Structure formats: C-alpha cells, structure tokens
>>> print(open('run_9.csv').read())   # CSV, C-alpha atoms
chain,number,residue,atom,x,y,z
A,1,MET,CA,-59.6,115.3,33.6
A,2,ILE,CA,-58.2,111.8,33.3
A,3,ARG,CA,-60.5,109.3,31.5
A,4,ILE,CA,-60.2,105.6,32.3
A,5,SER,CA,-61.5,103.2,29.7
A,6,ARG,CA,-63.9,100.5,30.6
A,7,ARG,CA,-61.4,97.9,29.5
A,8,ALA,CA,-58.7,99.4,31.8
A,9,LEU,CA,-61.3,99.5,34.6
A,10,GLY,CA,-62.3,95.9,34.1
A,11,ALA,CA,-58.6,94.8,34.1
A,12,ALA,CA,-58.1,96.7,37.3
A,13,THR,CA,-61.1,95.0,38.9
A,14,LEU,CA,-59.8,91.6,37.9
A,15,LEU,CA,-56.4,92.4,39.4
A,16,ALA,CA,-58.0,93.7,42.6
A,17,ALA,CA,-60.2,90.7,43.2
A,18,PRO,CA,-57.4,88.1,43.8
A,19,ALA,CA,-55.6,90.7,46.0
A,20,LEU,CA,-58.7,91.2,48.1
A,21,ALA,CA,-59.2,87.4,48.5
A,22,GLN,CA,-55.6,87.0,49.6
A,23,SER,CA,-56.0,89.8,52.2
A,24,THR,CA,-59.1,88.2,53.8
A,25,PRO,CA,-58.2,86.1,56.8
A,26,VAL,CA,-59.1,82.4,56.6
A,27,LEU,CA,-60.2,80.0,59.3
A,28,ARG,CA,-59.8,76.3,58.2
A,29,ILE,CA,-62.5,74.3,60.0
A,30,GLY,CA,-62.9,70.6,60.2
A,31,ASN,CA,-66.5,69.3,60.2
A,32,GLN,CA,-68.0,66.0,61.4
A,33,LYS,CA,-71.3,64.8,59.8
A,34,GLY,CA,-72.2,68.3,58.8
A,35,GLY,CA,-73.0,69.4,62.3
A,36,LEU,CA,-70.8,72.5,62.9
A,37,ARG,CA,-71.1,73.8,59.4
A,38,SER,CA,-74.9,73.3,59.5
A,39,LEU,CA,-75.1,75.0,62.9
A,40,ILE,CA,-73.2,78.1,61.7
A,41,GLU,CA,-75.1,78.4,58.4
A,42,SER,CA,-78.6,77.6,59.5
A,43,SER,CA,-78.5,79.8,62.6
A,44,GLY,CA,-77.4,82.8,60.5
A,45,GLN,CA,-74.1,83.0,62.3
A,46,GLY,CA,-72.2,82.6,59.1
A,47,ARG,CA,-73.3,86.0,57.9
A,48,ASP,CA,-71.1,89.1,57.9
A,49,LEU,CA,-68.0,87.2,58.8
A,50,PRO,CA,-64.8,89.2,59.1
A,51,TYR,CA,-62.9,86.2,57.7
A,52,ARG,CA,-63.5,83.4,55.2
A,53,ILE,CA,-64.2,79.8,56.4
A,54,GLU,CA,-62.7,76.8,54.5
A,55,TRP,CA,-64.7,73.7,55.5
A,56,SER,CA,-63.3,70.2,55.4
A,57,GLU,CA,-65.5,67.2,56.1
A,58,PHE,CA,-64.4,64.2,58.3
A,59,PRO,CA,-66.3,61.0,59.2
A,60,ALA,CA,-65.1,60.9,62.8
A,61,ALA,CA,-62.9,62.5,65.4
A,62,ALA,CA,-59.8,60.5,64.7
A,63,PRO,CA,-59.0,61.7,61.2
A,64,LEU,CA,-60.1,65.2,62.1
A,65,LEU,CA,-57.6,65.2,65.0
A,66,GLU,CA,-54.9,63.8,62.7
A,67,ALA,CA,-55.5,66.8,60.4
A,68,LEU,CA,-55.4,69.2,63.3
A,69,ASN,CA,-52.2,67.7,64.6
A,70,ALA,CA,-50.6,68.2,61.2
A,71,ASN,CA,-51.8,71.8,61.0
A,72,ALA,CA,-53.9,71.0,57.9
A,73,ILE,CA,-56.9,72.6,59.6
A,74,ASP,CA,-57.1,75.4,62.2
A,75,LEU,CA,-60.0,74.2,64.2
A,76,GLY,CA,-62.4,71.3,64.8
A,77,THR,CA,-64.8,69.8,67.2
A,78,GLN,CA,-64.6,66.3,68.8
A,79,GLY,CA,-65.5,64.4,71.9
A,80,ASP,CA,-63.7,65.0,75.2
A,81,LEU,CA,-61.8,61.7,75.4
A,82,ALA,CA,-60.8,61.6,71.8
A,83,PHE,CA,-59.3,65.1,72.2
A,84,LEU,CA,-57.6,64.3,75.5
A,85,SER,CA,-56.0,61.1,74.1
A,86,VAL,CA,-54.4,63.0,71.2
A,87,PHE,CA,-53.3,65.9,73.4
A,88,ALA,CA,-51.7,63.4,75.8
A,89,ASN,CA,-49.6,62.0,73.0
A,90,GLY,CA,-48.0,65.4,72.5
A,91,ALA,CA,-50.2,66.9,69.8
A,92,PRO,CA,-49.7,70.7,69.6
A,93,ILE,CA,-53.4,71.4,70.2
A,94,LYS,CA,-55.6,73.1,72.9
A,95,ALA,CA,-59.3,73.2,73.6
A,96,ILE,CA,-60.8,76.7,73.7
A,97,GLY,CA,-64.5,76.1,73.8
A,98,ALA,CA,-67.0,73.4,74.9
A,99,THR,CA,-70.5,72.1,74.5
A,100,ARG,CA,-72.4,69.6,76.6
A,101,HIS,CA,-74.9,66.9,75.5
A,102,GLU,CA,-77.3,64.8,77.4
A,103,GLN,CA,-75.6,61.5,78.5
A,104,ALA,CA,-78.3,59.5,76.7
A,105,SER,CA,-76.6,60.6,73.4
A,106,GLN,CA,-74.0,57.8,74.0
A,107,ALA,CA,-75.2,54.2,74.1
A,108,ILE,CA,-74.4,50.5,73.6
A,109,LEU,CA,-76.7,49.3,70.9
A,110,VAL,CA,-77.8,45.7,70.2
A,111,ARG,CA,-80.0,44.3,67.5
A,112,GLY,CA,-83.7,44.7,68.2
A,113,ASP,CA,-84.5,41.1,67.4
A,114,GLY,CA,-81.5,39.6,69.2
A,115,PRO,CA,-81.3,37.8,72.6
A,116,ILE,CA,-79.2,40.4,74.4
A,117,ARG,CA,-81.5,42.1,77.0
A,118,ARG,CA,-79.2,43.0,79.9
A,119,ILE,CA,-75.6,44.1,80.2
A,120,GLU,CA,-74.8,40.7,81.7
A,121,ASP,CA,-75.8,39.1,78.4
A,122,LEU,CA,-72.6,40.6,76.9
A,123,ARG,CA,-70.5,38.0,78.5
A,124,GLY,CA,-68.7,36.1,75.8
A,125,LYS,CA,-69.8,38.6,73.2
A,126,LYS,CA,-68.1,41.2,70.9
A,127,VAL,CA,-68.8,44.9,71.1
A,128,ALA,CA,-67.5,47.4,68.6
A,129,GLY,CA,-66.2,50.8,69.9
A,130,ASN,CA,-63.7,53.4,68.9
A,131,ARG,CA,-60.3,53.0,70.6
A,132,GLY,CA,-59.2,55.8,72.8
A,133,GLY,CA,-62.6,57.5,72.9
A,134,TRP,CA,-66.2,57.3,74.1
A,135,GLY,CA,-66.9,53.8,72.7
A,136,GLN,CA,-64.2,52.0,74.6
A,137,PHE,CA,-64.8,54.0,77.7
A,138,LEU,CA,-68.6,53.4,77.7
A,139,VAL,CA,-68.2,49.7,77.4
A,140,ARG,CA,-65.6,49.5,80.2
A,141,ALA,CA,-67.6,51.8,82.5
A,142,ALA,CA,-70.9,49.8,81.9
A,143,LEU,CA,-69.1,46.5,82.7
A,144,LYS,CA,-67.5,47.9,85.9
A,145,ARG,CA,-70.9,49.2,87.1
A,146,ALA,CA,-72.4,45.8,86.5
A,147,GLY,CA,-69.5,44.0,88.2
A,148,ILE,CA,-68.5,42.1,85.0
A,149,ASP,CA,-64.9,41.2,84.5
A,150,PRO,CA,-63.8,43.1,81.3
A,151,ALA,CA,-62.0,40.0,80.1
A,152,GLU,CA,-65.4,38.4,79.5
A,153,VAL,CA,-66.3,40.9,76.8
A,154,THR,CA,-64.2,41.5,73.6
A,155,ILE,CA,-64.1,45.2,72.5
A,156,VAL,CA,-63.5,45.3,68.8
A,157,PRO,CA,-61.7,48.6,67.9
A,158,LEU,CA,-63.6,50.0,65.0
A,159,GLY,CA,-64.4,53.5,63.8
A,160,PRO,CA,-68.1,54.4,63.0
A,161,THR,CA,-68.1,53.4,59.3
A,162,ASP,CA,-66.6,50.0,59.8
A,163,ALA,CA,-68.5,49.4,63.0
A,164,SER,CA,-71.8,50.0,61.4
A,165,LEU,CA,-71.2,47.4,58.8
A,166,ALA,CA,-69.9,44.9,61.4
A,167,PHE,CA,-73.0,45.6,63.6
A,168,ARG,CA,-75.6,45.2,60.9
A,169,SER,CA,-73.9,42.0,59.5
A,170,GLY,CA,-73.7,40.4,62.9
A,171,ALA,CA,-69.9,40.3,63.0
A,172,VAL,CA,-70.2,42.0,66.4
A,173,ASP,CA,-73.0,41.7,68.9
A,174,GLY,CA,-73.1,45.3,70.1
A,175,TRP,CA,-71.9,48.7,69.2
A,176,ALA,CA,-70.9,51.5,71.6
A,177,ILE,CA,-71.6,54.7,69.7
A,178,TRP,CA,-73.1,58.2,69.8
A,179,GLU,CA,-75.5,60.4,67.9
A,180,PRO,CA,-76.5,60.7,65.1
A,181,TYR,CA,-75.3,57.1,64.6
A,182,ASN,CA,-77.6,55.9,67.4
A,183,SER,CA,-80.7,57.4,65.7
A,184,ILE,CA,-79.7,56.0,62.3
A,185,GLU,CA,-79.4,52.5,63.7
A,186,ILE,CA,-82.6,52.7,65.9
A,187,LEU,CA,-84.9,54.3,63.3
A,188,GLY,CA,-83.3,52.9,60.2
A,189,PHE,CA,-82.3,49.3,61.2
A,190,GLY,CA,-84.3,48.4,64.3
A,191,ALA,CA,-81.4,48.6,66.8
A,192,ARG,CA,-82.2,48.8,70.5
A,193,VAL,CA,-80.4,50.7,73.3
A,194,LEU,CA,-79.0,48.2,75.8
A,195,VAL,CA,-77.5,50.8,78.1
A,196,ASP,CA,-76.9,54.5,77.6
A,197,GLY,CA,-74.2,56.8,79.0
A,198,SER,CA,-76.3,58.1,81.9
A,199,GLY,CA,-74.0,58.2,85.0
A,200,LEU,CA,-71.2,56.5,83.0
A,201,THR,CA,-69.5,58.9,80.7
A,202,PRO,CA,-68.6,62.6,80.3
A,203,THR,CA,-70.5,64.2,77.5
A,204,ALA,CA,-68.5,67.2,76.5
A,205,ASN,CA,-67.4,68.2,73.0
A,206,PHE,CA,-64.5,70.6,72.5
A,207,ILE,CA,-63.5,73.2,70.0
A,208,SER,CA,-59.8,72.5,69.6
A,209,VAL,CA,-57.2,74.4,67.7
A,210,HIS,CA,-53.6,74.0,66.6
A,211,ASP,CA,-51.1,76.0,68.7
A,212,SER,CA,-50.1,78.1,65.7
A,213,THR,CA,-53.7,79.1,65.2
A,214,LEU,CA,-54.0,80.0,68.8
A,215,ARG,CA,-51.0,82.3,68.3
A,216,ASP,CA,-51.8,83.8,64.9
A,217,LYS,CA,-55.6,83.9,64.7
A,218,ARG,CA,-56.8,84.8,68.1
A,219,PRO,CA,-59.3,87.5,67.0
A,220,LEU,CA,-60.8,85.1,64.5
A,221,LEU,CA,-61.2,82.4,67.2
A,222,GLN,CA,-62.8,84.8,69.6
A,223,ASP,CA,-65.3,85.8,67.0
A,224,PHE,CA,-66.0,82.2,66.1
A,225,LEU,CA,-66.6,81.1,69.7
A,226,GLN,CA,-69.2,83.8,70.1
A,227,ARG,CA,-70.9,82.7,66.9
A,228,ASN,CA,-70.8,79.1,68.0
A,229,ARG,CA,-72.4,79.9,71.4
A,230,ARG,CA,-75.2,81.9,69.7
A,231,GLY,CA,-75.7,79.2,67.1
A,232,TRP,CA,-76.3,76.5,69.8
A,233,ALA,CA,-78.7,78.8,71.6
A,234,TRP,CA,-80.6,79.1,68.4
A,235,ALA,CA,-80.5,75.3,67.6
A,236,LEU,CA,-82.1,74.3,70.9
A,237,ASN,CA,-85.3,76.2,69.9
A,238,ASN,CA,-85.1,75.3,66.2
A,239,ILE,CA,-84.3,71.6,66.0
A,240,PRO,CA,-86.4,70.9,62.8
A,241,ALA,CA,-84.7,73.7,60.8
A,242,PHE,CA,-81.3,72.6,62.1
A,243,ALA,CA,-82.0,69.0,61.1
A,244,GLN,CA,-83.2,70.0,57.7
A,245,ASN,CA,-80.1,72.0,56.9
A,246,THR,CA,-77.8,69.3,58.2
A,247,SER,CA,-79.7,66.7,56.1
A,248,GLU,CA,-79.1,68.8,53.0
A,249,LEU,CA,-75.4,68.9,53.7
A,250,THR,CA,-74.9,65.2,54.6
A,251,ARG,CA,-77.8,63.4,52.9
A,252,ILE,CA,-78.7,61.8,56.3
A,253,PRO,CA,-82.5,61.7,56.5
A,254,VAL,CA,-84.1,64.5,58.5
A,255,ARG,CA,-85.9,62.1,60.9
A,256,PHE,CA,-82.7,60.6,62.0
A,257,LEU,CA,-81.1,64.0,62.7
A,258,GLN,CA,-84.1,65.4,64.4
A,259,ARG,CA,-84.2,62.5,66.8
A,260,ALA,CA,-80.5,62.8,67.4
A,261,TYR,CA,-80.7,66.6,68.2
A,262,GLU,CA,-83.7,66.1,70.5
A,263,VAL,CA,-81.7,63.5,72.4
A,264,GLN,CA,-78.5,65.5,72.5
A,265,ARG,CA,-79.9,68.9,73.6
A,266,THR,CA,-76.5,70.4,72.9
A,267,ARG,CA,-75.6,73.7,74.5
A,268,ALA,CA,-72.4,75.8,74.7
A,269,VAL,CA,-70.8,75.8,78.2
A,270,PRO,CA,-67.7,77.5,79.7
A,271,ILE,CA,-64.6,75.6,80.4
A,272,ASP,CA,-64.7,76.1,84.1
A,273,ALA,CA,-63.3,74.4,87.2
A,274,ALA,CA,-66.2,72.1,87.5
A,275,LEU,CA,-65.9,70.8,84.0
A,276,VAL,CA,-62.1,70.4,84.3
A,277,ALA,CA,-62.6,68.4,87.6
A,278,GLU,CA,-65.2,66.2,86.0
A,279,LEU,CA,-62.9,65.5,83.0
A,280,GLN,CA,-59.9,64.8,85.3
A,281,ALA,CA,-62.0,62.1,87.1
A,282,ALA,CA,-63.0,60.7,83.7
A,283,SER,CA,-59.4,60.8,82.5
A,284,ASP,CA,-58.2,58.9,85.6
A,285,ALA,CA,-60.9,56.3,84.9
A,286,ALA,CA,-59.7,56.1,81.3
A,287,VAL,CA,-56.3,55.1,82.4
A,288,GLU,CA,-57.9,52.3,84.5
A,289,PHE,CA,-59.9,51.2,81.5
A,290,GLY,CA,-57.0,51.2,79.1
A,291,VAL,CA,-58.4,54.0,77.1
A,292,PHE,CA,-55.4,56.2,78.0
A,293,SER,CA,-51.9,54.8,78.3
A,294,ARG,CA,-50.9,57.2,81.1
A,295,PRO,CA,-52.3,59.8,83.4
A,296,ILE,CA,-53.1,63.3,82.0
A,297,ARG,CA,-53.2,66.6,83.8
A,298,VAL,CA,-56.4,67.8,82.1
A,299,ALA,CA,-56.0,71.5,83.0
A,300,ASP,CA,-53.0,71.7,80.7
A,301,ALA,CA,-55.2,70.9,77.7
A,302,PHE,CA,-57.2,74.1,77.8
A,303,ASP,CA,-56.8,77.7,77.0
A,304,THR,CA,-59.5,79.5,79.1
A,305,SER,CA,-58.4,83.1,78.1
A,306,PHE,CA,-61.3,83.6,75.7
A,307,THR,CA,-64.4,85.4,76.8
A,308,LEU,CA,-68.1,84.6,76.0
A,309,THR,CA,-70.7,87.3,76.4
A,310,GLU,CA,-74.5,87.1,76.2
A,311,GLY,CA,-76.3,88.4,73.2
>>> encode(input="run_9.csv", output="structure tokens")
Amino acid sequence: MIRISRRALGAATLLAAPALAQSTPVLRIGNQKGGLRSLIESSGQGRDLPYRIEWSEFPAAAPLLEALNANAIDLGTQGDLAFLSVFANGAPIKAIGATRHEQASQAILVRGDGPIRRIEDLRGKKVAGNRGGWGQFLVRAALKRAGIDPAEVTIVPLGPTDASLAFRSGAVDGWAIWEPYNSIEILGFGARVLVDGSGLTPTANFISVHDSTLRDKRPLLQDFLQRNRRGWAWALNNIPAFAQNTSELTRIPVRFLQRAYEVQRTRAVPIDAALVAELQAASDAAVEFGVFSRPIRVADAFDTSFTLTEG
C-alpha cells in the first residue's frame, strides 16, 4: 500500500486549489448602486452558482457601458435609452433581458421651497439631465406635451453625481433623474416632483452583454437570466429585505431605498414585439429631441433567443 504523507497531501491540495479556481467559469458583472448584486444575493439566487461572479461597481450607466464596450465586463444593466444610444454608435453589445419599472420612477425634481410649481415655470431656467438618456428625453418630452419651445429651457448635461451637487447648490433649477436618486432628494433634501415620467418616457432596463460574451458564455447567461427573473419576483414581495441588503452594500439609508423600490415596482419582462415597438417609437422621438443623432432600428439591438421559464 502506498502511503502519502500529510505534507505531500497538503501540497497537493494547495496546487489543486488554483487549478480549480482557474477551471471555474467567470461572469464579470457591472453593478449600479448595488441594485443587481443586492437582488441576486438577498433573493438567494446567488447560491449554488455553476460559475463565479466578479462584481464591478459603477455610479451610472455611462461608465458601465464604456466598460462593456471595452469588454472589461461581460454583462450589466442600464436604462433603455442609454443602452440604445451606445448601441447606435457601433458598440459590440446586445440586450438579452429586460425589466420594467413604473413610469413615476423617473421625474423632474425642483426644490421644495422654490417658486417653480408648473412645467411652464421652467421657462428661462436650467435643468440638469444626463445626455443621451432618460434625463434629456424626459425634459424634452415634458416640454413638448406642455407646448413649450425647448429653446426656452436650458438642459445642462450632467451625470447623477455632478447633477446632485448642482441641484442642491442652486446652480440648476431642476433635475431630471430616476430612482433611487429621486427618493434621496425628496426624503433627504426636501425636493419636490414637478412632473414624473407617466405618459412621457419608456421605463425599461436591459441586461446587456458584449458580443464576445454572447458567443462564449451563452450557458452562463441563460442561467443568470433565470436567476434574475426569479430574483425580481422575490423582490416585489420582499421590498424591506431587499432595501436593507442594498443599504449594506451602498451605505444609502434604508428609507430612501425602500421608497425607491416601492415606486419602481420592478419586474422582469420578455423582450417581445410590443416592447420593441414601444422602444422604436421612443427611439424615433429621441432623434427629434436630439437625444440620438440618427434613427435606430431597435430590433437589431436585441438577442431574443434566450428562454425564460416559470419556477
């Protein structure tokens, strides 16, 4: 009988561990404000993964999409217009999954103690909003519905971090933004909703992936989409627990996140013909509003070959 010493066995274990780690598939996922990571972990969908997740944190969609375009991450979530604007510029990315939020989760905020009470009061004022995304689109859509010449309102192109400082300091008069920033400003700084996105904006988020990930990691993506769907189904009925977990990841107070999640009511949805048609109409409007520089054939931005099953 061959005897193996404890020292030799220990050395073999140390050698095997790196080899095992190298053989485990990896999915590199970009995260915004803790949301997706918190969803997967707090819902229990991060258990028994057949791959390893490497999380990277981003403050907003723009830098996340830059990383995705550069193939620095495999997958990330972002708003529909932000995704489509980057896709239209030739980025090698596709959307493979979608969620919907309530339209009230997007809003133009003004200071609670300020004089702006109606959308017409924005004439001659400055409103912060992200360029090429929901912020710019919401401002232009709200002005169009009110019959206001867009030249009468200055849209200041700022991302969320810079926009929050400009808004609180009074450097801009309003801010077109989304959750959880809305809830942070309303509960934490006394902001007021001037107009929300109801009837004005699409409210889809996409799971988008780099083309090489689509080619090389399809089984991992299929598994993750299933977990994402189940996670959102759990979150709708467990908002306090979801908010608590996200707070621990991001240090955003629980009360802000709980309000945000209650407003959003996020749920996973299929990328079907109705969603594509809605986004095509929004994309055409985005060209009119100057959000997109040219028309987009929205259907080309999606890979609908993945299946989602109940349970």
>>> closest_residue(input="run_9.csv", among="A:Arg117, A:Phe83, A:Thr161, A:Gly135", to="Phe58 of chain A", atoms="only C-alpha atoms")
A:Thr161
>>> closest_residue(input="run_9.csv", among="A:Ala104, A:Leu109, A:Val156, A:Leu36", to="Ala176 of chain A", atoms="only C-alpha atoms")
A:Leu109
>>> residues_around(input="run_9.csv", residues="segment 186-199 of chain A", least_positions_apart="2", cutoff="6 Å", atoms="all atoms listed in the file", output="ChimeraX atom specification")
/A:103-104,106-112,183-184,201
>>> atom_distance(input="run_9.csv", atom1="atom CA of Ile207 of chain A", atom2="atom CA of Arg227 of chain A")
12.4 Å
>>> closest_residue(input="run_9.csv", among="A:Lys217, A:Arg230, A:His210, A:Arg37", to="Gly90 of chain A", atoms="all atoms listed in the file")
A:His210
>>> atom_distance(input="run_9.csv", atom1="atom CA of Val127 of chain A", atom2="atom CA of Phe167 of chain A")
8.6 Å
>>> closest_residue(input="run_9.csv", among="A:Gln258, A:Gln280, A:Thr24, A:Leu122", to="Asp300 of chain A", atoms="all atoms listed in the file")
A:Gln280
>>> residues_around(input="run_9.csv", residues="Phe87 of chain A", least_positions_apart="3", cutoff="12 Å", atoms="only C-alpha atoms", output="ChimeraX atom specification")
/A:65-66,68-69,80-84,90-95,132,208-211,292,294-302
>>> residues_near_point(input="run_9.csv", point="(-79.5, 74.3, 69.6)", cutoff="12 Å", atoms="all atoms listed in the file", output="ChimeraX atom specification")
/A:35-36,38-40,42-43,99-101,228-243,258,260-268
>>> atom_distance(input="run_9.csv", atom1="atom CA of Arg123 of chain A", atom2="atom CA of Asp173 of chain A")
10.6 Å
>>> build_atoms(input="run_9.csv", residues="segment 64-75 of chain A", atoms="N, CA and C atoms", output="short mmCIF file (atom, residue, chain, number, x, y, z; two decimals), in the frame of the given file")
data_model
loop_
_atom_site.label_atom_id
_atom_site.label_comp_id
_atom_site.auth_asym_id
_atom_site.auth_seq_id
_atom_site.Cartn_x
_atom_site.Cartn_y
_atom_site.Cartn_z
N LEU A 64 -60.06 63.77 61.91
CA LEU A 64 -60.10 65.20 62.10
C LEU A 64 -58.89 65.64 62.98
N LEU A 65 -58.68 64.91 64.06
CA LEU A 65 -57.60 65.20 65.00
C LEU A 65 -56.22 65.01 64.32
N GLU A 66 -56.13 64.04 63.43
CA GLU A 66 -54.90 63.80 62.70
C GLU A 66 -54.60 65.09 61.83
N ALA A 67 -55.63 65.61 61.18
CA ALA A 67 -55.50 66.80 60.40
C ALA A 67 -55.09 68.01 61.21
N LEU A 68 -55.71 68.11 62.38
CA LEU A 68 -55.40 69.20 63.30
C LEU A 68 -53.97 69.12 63.79
N ASN A 69 -53.56 67.94 64.16
CA ASN A 69 -52.20 67.70 64.60
C ASN A 69 -51.17 68.09 63.55
N ALA A 70 -51.52 67.84 62.29
CA ALA A 70 -50.60 68.20 61.20
C ALA A 70 -50.73 69.60 60.71
N ASN A 71 -51.57 70.38 61.38
CA ASN A 71 -51.80 71.80 61.00
C ASN A 71 -52.42 71.92 59.62
N ALA A 72 -53.16 70.89 59.20
CA ALA A 72 -53.90 71.00 57.90
C ALA A 72 -55.19 71.70 58.06
N ILE A 73 -55.69 71.81 59.29
CA ILE A 73 -56.90 72.60 59.60
C ILE A 73 -56.52 73.45 60.85
N ASP A 74 -57.29 74.51 61.06
CA ASP A 74 -57.10 75.40 62.20
C ASP A 74 -57.88 74.96 63.43
N LEU A 75 -59.05 74.40 63.17
CA LEU A 75 -60.00 74.20 64.20
C LEU A 75 -60.94 73.07 63.92
#
